[in-house]
Amino acid sequence: MYIFAVVRDLYVMAIIMFSYGVMAVCINVPSTTLIQESVPYELQGRVFGTQQLLQNFAQLIGMGIVALIAEYVLPMYVLLGSSGILTITIIIGLIYSGKKGLMGSDYPEESLSDKLMKEKTESTQLSEVPTIHSLES
């Protein structure tokens with residue numbers, strides 16, 4: 001968003017908006033999957049409906065606040081200020097997620113030696129399969 005605040009080139013703005021769209025998908029898909037995994041099927045409609053209601057309400061409030069501020073301040077400064085607030089929010093979220101252990105893998109970690117041993121035993125087992133020629137002799 002910092003670049004979006006200071007750049008005035010149409011193509012750069014288009015690239016930034018495209019990247020925002022890609023990032024939105026990367027955020028929405030895991031959160032939707034998490035809700036589907038953790039909420040019973042019968043309640044998912046209520047959860048998704050409430051989530052979308054709150055998101056749309058927050059967007060309306062944000063647009064209203066930005067519209068009021070933009071009357072008195074240049075939009076560039078509004079974008080820079082909101083970028084700063086977004087950066088602080090992301091950093092706090094990363095710290096909180098790290099402390100709560102929310103950023104770890106969902107699968108138990110295997111050490112490299114465990115993975116290599118597993119691959120070695122699998123390849124050994126596959127190579128020891130009797131063939132027709134070995135059964136005849």
# chains A, B, ... in the order shown; residues from 1 in each chain; ligands from 1
>>> residues_around(residues="segment 16-30 of chain A", least_positions_apart="5", cutoff="10 Å", atoms="only C-alpha atoms", output="ChimeraX atom specification")
/A:1,3-4,10-11,35-36
>>> write_last_selection(atoms="C-alpha atoms", output="short mmCIF file (atom, residue, chain, number, x, y, z; two decimals), in the first residue's frame")
data_model
loop_
_atom_site.label_atom_id
_atom_site.label_comp_id
_atom_site.auth_asym_id
_atom_site.auth_seq_id
_atom_site.Cartn_x
_atom_site.Cartn_y
_atom_site.Cartn_z
CA MET A 1 0.00 0.00 0.00
CA ILE A 3 3.79 2.12 -3.19
CA PHE A 4 0.14 2.65 -4.10
CA LEU A 10 -1.50 3.53 -14.38
CA TYR A 11 0.30 0.25 -15.12
CA ILE A 35 -13.84 -22.52 9.47
CA GLN A 36 -15.05 -25.54 7.48
#
>>> closest_atom_pairs(of="segment 2-27 of chain A", to="segment 62-86 of chain A", cutoff="12 Å", atoms="only C-alpha atoms", output="tab-separated table")
residue	atom	partner	partner_atom	distance
A:Tyr2	CA	A:Leu80	CA	5.9
A:Ile3	CA	A:Leu80	CA	9.0
A:Phe4	CA	A:Leu79	CA	7.7
A:Ala5	CA	A:Met76	CA	5.0
A:Val6	CA	A:Met76	CA	6.6
A:Val7	CA	A:Met76	CA	9.5
A:Arg8	CA	A:Met76	CA	10.4
>>> write_last_selection(atoms="C-alpha atoms", output="CSV table (one decimal), in the first residue's frame")
chain,number,residue,atom,x,y,z
A,2,TYR,CA,3.0,2.3,0.5
A,3,ILE,CA,3.8,2.1,-3.2
A,4,PHE,CA,0.1,2.7,-4.1
A,5,ALA,CA,0.2,5.9,-2.1
A,6,VAL,CA,3.1,7.5,-4.0
A,7,VAL,CA,3.0,6.0,-7.5
A,8,ARG,CA,0.9,7.7,-10.2
>>> atom_distance(atom1="atom CA of Val39 of chain A", atom2="atom CA of Gln52 of chain A")
15.8 Å
>>> select_by_dssp(residues="segment 24-118 of chain A", states="alpha helix (DSSP H)", output="ChimeraX atom specification")
/A:24-38,44-70,75-100,112-118
